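S.K.: Sharing start.cif (mmCIF, N, CA and C atoms) below.
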```cif
data_final
#
loop_
_atom_site.label_atom_id
_atom_site.label_comp_id
_atom_site.auth_asym_id
_atom_site.auth_seq_id
_atom_site.Cartn_x
_atom_site.Cartn_y
_atom_site.Cartn_z
N VAL J 1 119.52 171.24 152.03
CA VAL J 1 118.10 170.99 152.03
C VAL J 1 117.49 171.63 153.26
N VAL J 2 116.37 172.30 153.05
CA VAL J 2 115.59 172.85 154.15
C VAL J 2 114.32 172.02 154.22
N PHE J 3 114.14 171.31 155.33
CA PHE J 3 112.97 170.46 155.48
C PHE J 3 111.80 171.30 155.96
N SER J 4 111.23 172.02 155.00
CA SER J 4 110.11 172.91 155.27
C SER J 4 108.92 172.42 154.45
N HIS J 5 107.86 173.17 154.46
CA HIS J 5 106.68 172.83 153.66
C HIS J 5 106.35 174.01 152.76
N PRO J 6 106.70 173.98 151.50
CA PRO J 6 107.33 172.88 150.77
C PRO J 6 108.83 172.83 151.05
N PRO J 7 109.45 171.66 150.81
CA PRO J 7 110.89 171.54 151.00
C PRO J 7 111.67 172.36 149.97
N ILE J 8 112.88 172.76 150.35
CA ILE J 8 113.75 173.56 149.49
C ILE J 8 115.09 172.85 149.37
N GLY J 9 115.61 172.78 148.17
CA GLY J 9 116.92 172.19 147.94
C GLY J 9 117.78 173.13 147.13
N THR J 10 119.03 173.26 147.52
CA THR J 10 119.94 174.13 146.80
C THR J 10 121.35 173.55 146.84
N ILE J 11 122.01 173.57 145.69
CA ILE J 11 123.38 173.08 145.56
C ILE J 11 124.16 174.09 144.72
N GLY J 12 125.36 174.40 145.14
CA GLY J 12 126.23 175.24 144.32
C GLY J 12 125.91 176.71 144.41
N LEU J 13 126.22 177.41 143.33
CA LEU J 13 126.13 178.86 143.29
C LEU J 13 124.71 179.35 143.00
N THR J 14 124.40 180.51 143.56
CA THR J 14 123.17 181.19 143.17
C THR J 14 123.42 181.85 141.81
N GLU J 15 122.38 182.35 141.19
CA GLU J 15 122.54 183.04 139.91
C GLU J 15 123.45 184.26 140.09
N LYS J 16 123.24 185.01 141.14
CA LYS J 16 124.04 186.21 141.40
C LYS J 16 125.52 185.85 141.63
N GLU J 17 125.77 184.79 142.40
CA GLU J 17 127.16 184.35 142.65
C GLU J 17 127.83 183.87 141.37
N ALA J 18 127.08 183.15 140.52
CA ALA J 18 127.64 182.65 139.26
C ALA J 18 128.01 183.80 138.34
N ILE J 19 127.17 184.81 138.26
CA ILE J 19 127.46 185.98 137.42
C ILE J 19 128.69 186.71 137.94
N LYS J 20 128.79 186.83 139.24
CA LYS J 20 129.96 187.49 139.84
C LYS J 20 131.24 186.71 139.54
N LYS J 21 131.17 185.39 139.61
CA LYS J 21 132.35 184.55 139.41
C LYS J 21 132.73 184.38 137.94
N TYR J 22 131.74 184.18 137.05
CA TYR J 22 132.02 183.85 135.66
C TYR J 22 131.73 184.98 134.67
N GLY J 23 131.01 186.00 135.11
CA GLY J 23 130.59 187.08 134.20
C GLY J 23 129.24 186.76 133.59
N GLU J 24 128.40 187.78 133.47
CA GLU J 24 127.03 187.58 132.99
C GLU J 24 126.98 186.92 131.62
N GLU J 25 127.92 187.27 130.75
CA GLU J 25 127.92 186.72 129.40
C GLU J 25 128.27 185.23 129.37
N ASN J 26 128.80 184.70 130.45
CA ASN J 26 129.22 183.29 130.52
C ASN J 26 128.27 182.43 131.35
N VAL J 27 127.14 182.98 131.75
CA VAL J 27 126.19 182.24 132.59
C VAL J 27 124.87 182.11 131.85
N LYS J 28 124.32 180.91 131.86
CA LYS J 28 123.01 180.67 131.27
C LYS J 28 122.14 180.03 132.35
N VAL J 29 120.93 180.55 132.51
CA VAL J 29 120.03 180.08 133.55
C VAL J 29 118.78 179.48 132.91
N TYR J 30 118.46 178.27 133.34
CA TYR J 30 117.25 177.58 132.89
C TYR J 30 116.29 177.55 134.06
N LYS J 31 115.01 177.87 133.82
CA LYS J 31 114.01 177.91 134.89
C LYS J 31 112.76 177.16 134.47
N SER J 32 112.07 176.64 135.48
CA SER J 32 110.79 175.98 135.23
C SER J 32 109.92 176.13 136.46
N LYS J 33 108.63 176.29 136.24
CA LYS J 33 107.65 176.35 137.32
C LYS J 33 106.43 175.58 136.86
N PHE J 34 105.96 174.64 137.67
CA PHE J 34 104.87 173.76 137.26
C PHE J 34 104.14 173.20 138.46
N SER J 35 102.99 172.65 138.21
CA SER J 35 102.26 171.92 139.25
C SER J 35 102.78 170.50 139.27
N ASN J 36 103.19 170.03 140.42
CA ASN J 36 103.70 168.67 140.56
C ASN J 36 102.62 167.68 140.12
N LEU J 37 103.03 166.63 139.43
CA LEU J 37 102.08 165.64 138.93
C LEU J 37 101.28 164.96 140.04
N TYR J 38 101.80 164.98 141.25
CA TYR J 38 101.07 164.42 142.40
C TYR J 38 99.69 165.07 142.50
N TYR J 39 99.61 166.35 142.16
CA TYR J 39 98.37 167.09 142.29
C TYR J 39 97.49 166.98 141.05
N GLY J 40 97.93 166.25 140.04
CA GLY J 40 97.19 166.13 138.79
C GLY J 40 95.73 165.73 138.94
N PRO J 41 95.43 164.66 139.67
CA PRO J 41 94.03 164.23 139.75
C PRO J 41 93.16 165.07 140.70
N TRP J 42 93.76 165.98 141.43
CA TRP J 42 92.96 166.79 142.37
C TRP J 42 91.96 167.64 141.60
N LYS J 43 90.76 167.66 142.07
CA LYS J 43 89.72 168.47 141.44
C LYS J 43 89.79 169.88 142.00
N VAL J 44 90.89 170.53 141.62
CA VAL J 44 91.17 171.89 142.06
C VAL J 44 91.60 172.66 140.82
N ASP J 45 91.25 173.93 140.76
CA ASP J 45 91.68 174.76 139.64
C ASP J 45 93.20 174.72 139.55
N PRO J 46 93.77 174.55 138.36
CA PRO J 46 95.23 174.46 138.23
C PRO J 46 95.98 175.62 138.88
N SER J 47 95.41 176.80 138.89
CA SER J 47 96.08 177.95 139.51
C SER J 47 96.16 177.82 141.03
N GLU J 48 95.35 176.93 141.60
CA GLU J 48 95.34 176.73 143.06
C GLU J 48 96.25 175.58 143.50
N LYS J 49 96.73 174.80 142.57
CA LYS J 49 97.59 173.66 142.93
C LYS J 49 98.97 174.15 143.34
N PRO J 50 99.58 173.53 144.37
CA PRO J 50 100.93 173.93 144.77
C PRO J 50 101.91 173.78 143.61
N LYS J 51 102.83 174.71 143.50
CA LYS J 51 103.80 174.74 142.40
C LYS J 51 105.17 174.25 142.86
N THR J 52 105.94 173.77 141.90
CA THR J 52 107.35 173.46 142.08
C THR J 52 108.11 174.41 141.17
N ALA J 53 109.18 175.00 141.70
CA ALA J 53 110.01 175.90 140.90
C ALA J 53 111.44 175.37 140.89
N MET J 54 112.08 175.40 139.73
CA MET J 54 113.44 174.89 139.57
C MET J 54 114.29 175.88 138.80
N LYS J 55 115.57 175.86 139.13
CA LYS J 55 116.53 176.72 138.42
C LYS J 55 117.83 175.94 138.26
N LEU J 56 118.33 175.91 137.05
CA LEU J 56 119.60 175.26 136.73
C LEU J 56 120.54 176.35 136.22
N ILE J 57 121.68 176.52 136.88
CA ILE J 57 122.61 177.59 136.53
C ILE J 57 123.85 176.97 135.92
N CYS J 58 124.15 177.39 134.68
CA CYS J 58 125.27 176.82 133.94
C CYS J 58 126.28 177.91 133.60
N ALA J 59 127.56 177.51 133.50
CA ALA J 59 128.62 178.47 133.21
C ALA J 59 129.55 177.94 132.13
N GLY J 60 130.07 178.87 131.33
CA GLY J 60 131.05 178.53 130.31
C GLY J 60 130.42 178.03 129.02
N THR J 61 131.25 177.87 128.01
CA THR J 61 130.75 177.42 126.71
C THR J 61 130.25 175.98 126.76
N ASN J 62 130.78 175.20 127.71
CA ASN J 62 130.31 173.82 127.84
C ASN J 62 129.10 173.70 128.77
N GLU J 63 128.65 174.83 129.32
CA GLU J 63 127.48 174.89 130.19
C GLU J 63 127.60 173.92 131.38
N GLN J 64 128.72 174.01 132.10
CA GLN J 64 128.86 173.20 133.31
C GLN J 64 127.83 173.66 134.33
N VAL J 65 127.15 172.71 134.95
CA VAL J 65 126.15 173.04 135.95
C VAL J 65 126.87 173.47 137.23
N VAL J 66 126.66 174.73 137.61
CA VAL J 66 127.33 175.28 138.81
C VAL J 66 126.34 175.61 139.92
N GLY J 67 125.06 175.50 139.63
CA GLY J 67 124.04 175.74 140.64
C GLY J 67 122.75 175.03 140.26
N LEU J 68 122.08 174.49 141.26
CA LEU J 68 120.82 173.78 141.05
C LEU J 68 119.94 174.07 142.25
N HIS J 69 118.73 174.58 141.99
CA HIS J 69 117.87 175.02 143.08
C HIS J 69 116.44 174.58 142.80
N VAL J 70 115.74 174.15 143.85
CA VAL J 70 114.36 173.67 143.69
C VAL J 70 113.58 173.93 144.97
N ILE J 71 112.32 174.30 144.80
CA ILE J 71 111.39 174.41 145.91
C ILE J 71 110.10 173.72 145.49
N GLY J 72 109.63 172.80 146.31
CA GLY J 72 108.40 172.08 145.99
C GLY J 72 108.49 170.64 146.45
N MET J 73 107.38 169.96 146.30
CA MET J 73 107.29 168.56 146.74
C MET J 73 108.40 167.73 146.11
N GLY J 74 109.13 166.98 146.93
CA GLY J 74 110.18 166.10 146.45
C GLY J 74 111.55 166.73 146.34
N ALA J 75 111.66 168.03 146.61
CA ALA J 75 112.96 168.71 146.49
C ALA J 75 114.00 168.03 147.37
N ASP J 76 113.60 167.64 148.55
CA ASP J 76 114.54 167.02 149.48
C ASP J 76 115.06 165.68 148.97
N GLU J 77 114.23 164.95 148.26
CA GLU J 77 114.63 163.64 147.75
C GLU J 77 115.48 163.72 146.48
N MET J 78 115.41 164.81 145.76
CA MET J 78 116.12 164.95 144.49
C MET J 78 117.59 165.27 144.63
N LEU J 79 117.95 165.97 145.67
CA LEU J 79 119.24 166.64 145.73
C LEU J 79 120.45 165.72 145.76
N GLN J 80 120.36 164.56 146.37
CA GLN J 80 121.54 163.70 146.50
C GLN J 80 122.14 163.32 145.16
N GLY J 81 121.32 162.84 144.26
CA GLY J 81 121.83 162.43 142.95
C GLY J 81 122.35 163.59 142.13
N PHE J 82 121.65 164.71 142.18
CA PHE J 82 122.11 165.88 141.43
C PHE J 82 123.40 166.43 142.03
N GLY J 83 123.56 166.30 143.35
CA GLY J 83 124.81 166.73 143.99
C GLY J 83 126.00 165.92 143.48
N ILE J 84 125.81 164.64 143.33
CA ILE J 84 126.88 163.77 142.81
C ILE J 84 127.21 164.18 141.37
N ALA J 85 126.18 164.41 140.56
CA ALA J 85 126.40 164.80 139.17
C ALA J 85 127.20 166.10 139.10
N MET J 86 126.84 167.06 139.93
CA MET J 86 127.55 168.35 139.92
C MET J 86 128.99 168.19 140.38
N LYS J 87 129.19 167.37 141.39
CA LYS J 87 130.55 167.15 141.89
C LYS J 87 131.44 166.52 140.81
N MET J 88 130.84 165.76 139.92
CA MET J 88 131.59 165.12 138.84
C MET J 88 131.73 166.02 137.63
N GLY J 89 131.21 167.26 137.71
CA GLY J 89 131.37 168.20 136.61
C GLY J 89 130.32 168.13 135.53
N ALA J 90 129.12 167.71 135.87
CA ALA J 90 128.06 167.56 134.88
C ALA J 90 127.78 168.86 134.13
N THR J 91 127.44 168.71 132.86
CA THR J 91 127.08 169.84 132.01
C THR J 91 125.59 169.74 131.68
N LYS J 92 125.06 170.79 131.07
CA LYS J 92 123.67 170.76 130.63
C LYS J 92 123.47 169.61 129.64
N ALA J 93 124.47 169.35 128.81
CA ALA J 93 124.37 168.23 127.86
C ALA J 93 124.25 166.90 128.59
N ASP J 94 124.97 166.74 129.72
CA ASP J 94 124.85 165.52 130.51
C ASP J 94 123.42 165.37 131.04
N PHE J 95 122.86 166.47 131.52
CA PHE J 95 121.48 166.44 132.02
C PHE J 95 120.53 166.09 130.87
N ASP J 96 120.72 166.75 129.71
CA ASP J 96 119.86 166.51 128.55
C ASP J 96 119.92 165.07 128.06
N SER J 97 121.05 164.42 128.25
CA SER J 97 121.21 163.05 127.73
C SER J 97 120.62 161.99 128.65
N CYS J 98 120.15 162.38 129.82
CA CYS J 98 119.54 161.42 130.75
C CYS J 98 118.11 161.10 130.32
N VAL J 99 117.70 159.88 130.55
CA VAL J 99 116.32 159.50 130.31
C VAL J 99 115.51 159.99 131.50
N ALA J 100 114.47 160.76 131.23
CA ALA J 100 113.63 161.30 132.30
C ALA J 100 112.78 160.20 132.91
N ILE J 101 112.74 160.17 134.23
CA ILE J 101 111.90 159.20 134.93
C ILE J 101 110.53 159.84 135.10
N HIS J 102 109.53 159.28 134.41
CA HIS J 102 108.19 159.87 134.40
C HIS J 102 107.20 158.94 135.09
N PRO J 103 106.34 159.44 135.89
CA PRO J 103 106.11 160.84 136.25
C PRO J 103 106.81 161.19 137.57
N THR J 104 107.78 162.05 137.50
CA THR J 104 108.44 162.58 138.69
C THR J 104 108.71 164.07 138.48
N ALA J 105 108.88 164.79 139.56
CA ALA J 105 109.25 166.20 139.45
C ALA J 105 110.69 166.32 138.98
N ALA J 106 111.55 165.38 139.39
CA ALA J 106 112.98 165.43 139.05
C ALA J 106 113.22 165.40 137.55
N GLU J 107 112.30 164.83 136.80
CA GLU J 107 112.48 164.75 135.34
C GLU J 107 112.60 166.14 134.72
N GLU J 108 112.07 167.14 135.39
CA GLU J 108 112.12 168.50 134.84
C GLU J 108 113.56 168.99 134.69
N PHE J 109 114.45 168.58 135.61
CA PHE J 109 115.85 169.01 135.52
C PHE J 109 116.56 168.44 134.29
N VAL J 110 116.13 167.30 133.79
CA VAL J 110 116.79 166.71 132.62
C VAL J 110 116.01 166.95 131.33
N THR J 111 114.96 167.76 131.40
CA THR J 111 114.20 168.11 130.20
C THR J 111 113.99 169.62 130.10
N MET J 112 114.82 170.41 130.78
CA MET J 112 114.64 171.87 130.75
C MET J 112 114.86 172.43 129.36
N PHE J 113 113.94 173.28 128.94
CA PHE J 113 113.97 173.89 127.61
C PHE J 113 115.00 175.01 127.57
N PRO J 114 115.73 175.20 126.49
CA PRO J 114 115.73 174.33 125.32
C PRO J 114 116.59 173.09 125.56
N TRP J 115 116.13 171.99 125.07
CA TRP J 115 116.77 170.71 125.31
C TRP J 115 117.66 170.35 124.13
N GLY J 116 118.90 169.99 124.43
CA GLY J 116 119.81 169.48 123.41
C GLY J 116 120.35 170.49 122.42
N LEU J 117 120.20 171.79 122.69
CA LEU J 117 120.65 172.79 121.73
C LEU J 117 122.01 173.38 122.08
N GLY J 118 122.46 173.22 123.32
CA GLY J 118 123.75 173.77 123.73
C GLY J 118 124.90 172.88 123.32
N SER J 119 126.06 173.23 123.82
CA SER J 119 127.26 172.43 123.58
C SER J 119 127.01 171.00 124.04
N GLN J 120 127.35 170.05 123.22
CA GLN J 120 127.13 168.65 123.56
C GLN J 120 128.37 168.04 124.20
N GLU J 121 128.98 168.78 125.10
CA GLU J 121 130.20 168.36 125.77
C GLU J 121 129.87 167.85 127.17
N SER J 122 130.35 166.66 127.48
CA SER J 122 130.14 166.07 128.80
C SER J 122 131.17 166.59 129.77
N GLY J 123 130.76 166.74 131.02
CA GLY J 123 131.69 167.16 132.06
C GLY J 123 132.43 165.99 132.67
N ALA J 124 131.91 164.78 132.48
CA ALA J 124 132.49 163.60 133.10
C ALA J 124 133.55 162.98 132.20
N LYS J 125 134.68 163.63 132.08
CA LYS J 125 135.77 163.15 131.23
C LYS J 125 136.44 161.91 131.82
N VAL J 126 136.69 161.97 133.11
CA VAL J 126 137.32 160.87 133.81
C VAL J 126 136.59 160.68 135.13
N SER J 127 136.19 159.48 135.41
CA SER J 127 135.49 159.21 136.65
C SER J 127 136.42 159.46 137.82
N PRO J 128 135.95 160.18 138.86
CA PRO J 128 136.79 160.40 140.04
C PRO J 128 137.08 159.08 140.77
N LEU J 129 136.32 158.03 140.47
CA LEU J 129 136.56 156.74 141.11
C LEU J 129 137.81 156.05 140.55
N ASN J 130 138.26 156.48 139.37
CA ASN J 130 139.41 155.86 138.71
C ASN J 130 140.71 156.61 138.96
N ARG J 131 140.72 157.55 139.84
CA ARG J 131 141.93 158.34 140.10
C ARG J 131 142.81 157.68 141.12
#
```
What does the file become when written as structure tokens?

M.R.:
Amino acid sequence: VVFSHPPIGTIGLTEKEAIKKYGEENVKVYKSKFSNLYYGPWKVDPSEKPKTAMKLICAGTNEQVVGLHVIGMGADEMLQGFGIAMKMGATKADFDSCVAIHPTAAEEFVTMFPWGLGSQESGAKVSPLNR
């Protein structure tokens, strides 16, 4: 996490690193850019509202999440939980199966389009707490 304005959060591989490690044909990248809901009631033109940008990098046929990156309001607060999910081997399907907490910016990571169309394989086969 970089405590800047706006804050930046990054976990795992960049898109370039993932392609180098897994091959371009085995990497799928999901992206989103939006105005944070915090700015919703502001009487400002939507194009002038600060944006949040997110990137979810997945690898393999099961779309294991190997990189997660965000810049924007709340990025610093989001990373801890997503770091745990990645450490446990979360897949895009695991993210898709989460109930989005609305209204939050973090909900975008679990509703990234296309939703629910990839492999429905979970990465959490065995909890690391039970080893």

S.K.: Enclose region 104-108 of chain J, meaning all of its atoms listed in the file, in a box aligned along x, y and z, pad it by 4 Å on each side, and list the centre and edge lengths in Å to one decimal, as JSON.

M.R.:
```
{"center_x": 110.7, "center_y": 165.5, "center_z": 137.1, "size_x": 13.8, "size_y": 14.9, "size_z": 12.9}
```

S.K.: Specify as a PyMOL selection string each residue included when the PyMOL selection byres (((chain J and resi 34 and name CA) around 7) and name CA) is applied to this file.

M.R.: chain J and resi 32-33+35-36+51-53

S.K.: Keeping N, CA and C atoms, export the residues of the selection given above as an mmCIF file, in the coordinates of the input.

M.R.:
```
data_model
loop_
_atom_site.group_PDB
_atom_site.id
_atom_site.type_symbol
_atom_site.label_atom_id
_atom_site.label_comp_id
_atom_site.auth_asym_id
_atom_site.auth_seq_id
_atom_site.Cartn_x
_atom_site.Cartn_y
_atom_site.Cartn_z
ATOM 1 N N SER J 32 112.070 176.640 135.480
ATOM 2 C CA SER J 32 110.790 175.980 135.230
ATOM 3 C C SER J 32 109.920 176.130 136.460
ATOM 4 N N LYS J 33 108.630 176.290 136.240
ATOM 5 C CA LYS J 33 107.650 176.350 137.320
ATOM 6 C C LYS J 33 106.430 175.580 136.860
ATOM 7 N N SER J 35 102.990 172.650 138.210
ATOM 8 C CA SER J 35 102.260 171.920 139.250
ATOM 9 C C SER J 35 102.780 170.500 139.270
ATOM 10 N N ASN J 36 103.190 170.030 140.420
ATOM 11 C CA ASN J 36 103.700 168.670 140.560
ATOM 12 C C ASN J 36 102.620 167.680 140.120
ATOM 13 N N LYS J 51 102.830 174.710 143.500
ATOM 14 C CA LYS J 51 103.800 174.740 142.400
ATOM 15 C C LYS J 51 105.170 174.250 142.860
ATOM 16 N N THR J 52 105.940 173.770 141.900
ATOM 17 C CA THR J 52 107.350 173.460 142.080
ATOM 18 C C THR J 52 108.110 174.410 141.170
ATOM 19 N N ALA J 53 109.180 175.000 141.700
ATOM 20 C CA ALA J 53 110.010 175.900 140.900
ATOM 21 C C ALA J 53 111.440 175.370 140.890
#
```

S.K.: Check which residues satisfy the PyMOL selection byres ((chain J and resi 75) around 8) in the file shown, then give them as number ranges by chain.

M.R.: J: 1-2, 6-10, 69-74, 76-80, 105-106

S.K.: Interatomic distance between CA of Lys28 (chain J) and CA of Ser47 (chain J)?

M.R.: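 These two atoms are separated by 28.3 Å.
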
S.K.: I need the residue nearest Val99 (chain J) from this list: J:Thr111, J:Gly118, J:His5, J:Gly83. Use all atoms listed in the file for the distance.

M.R.: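 Under the stated criterion, the closest residue is J:Thr111.
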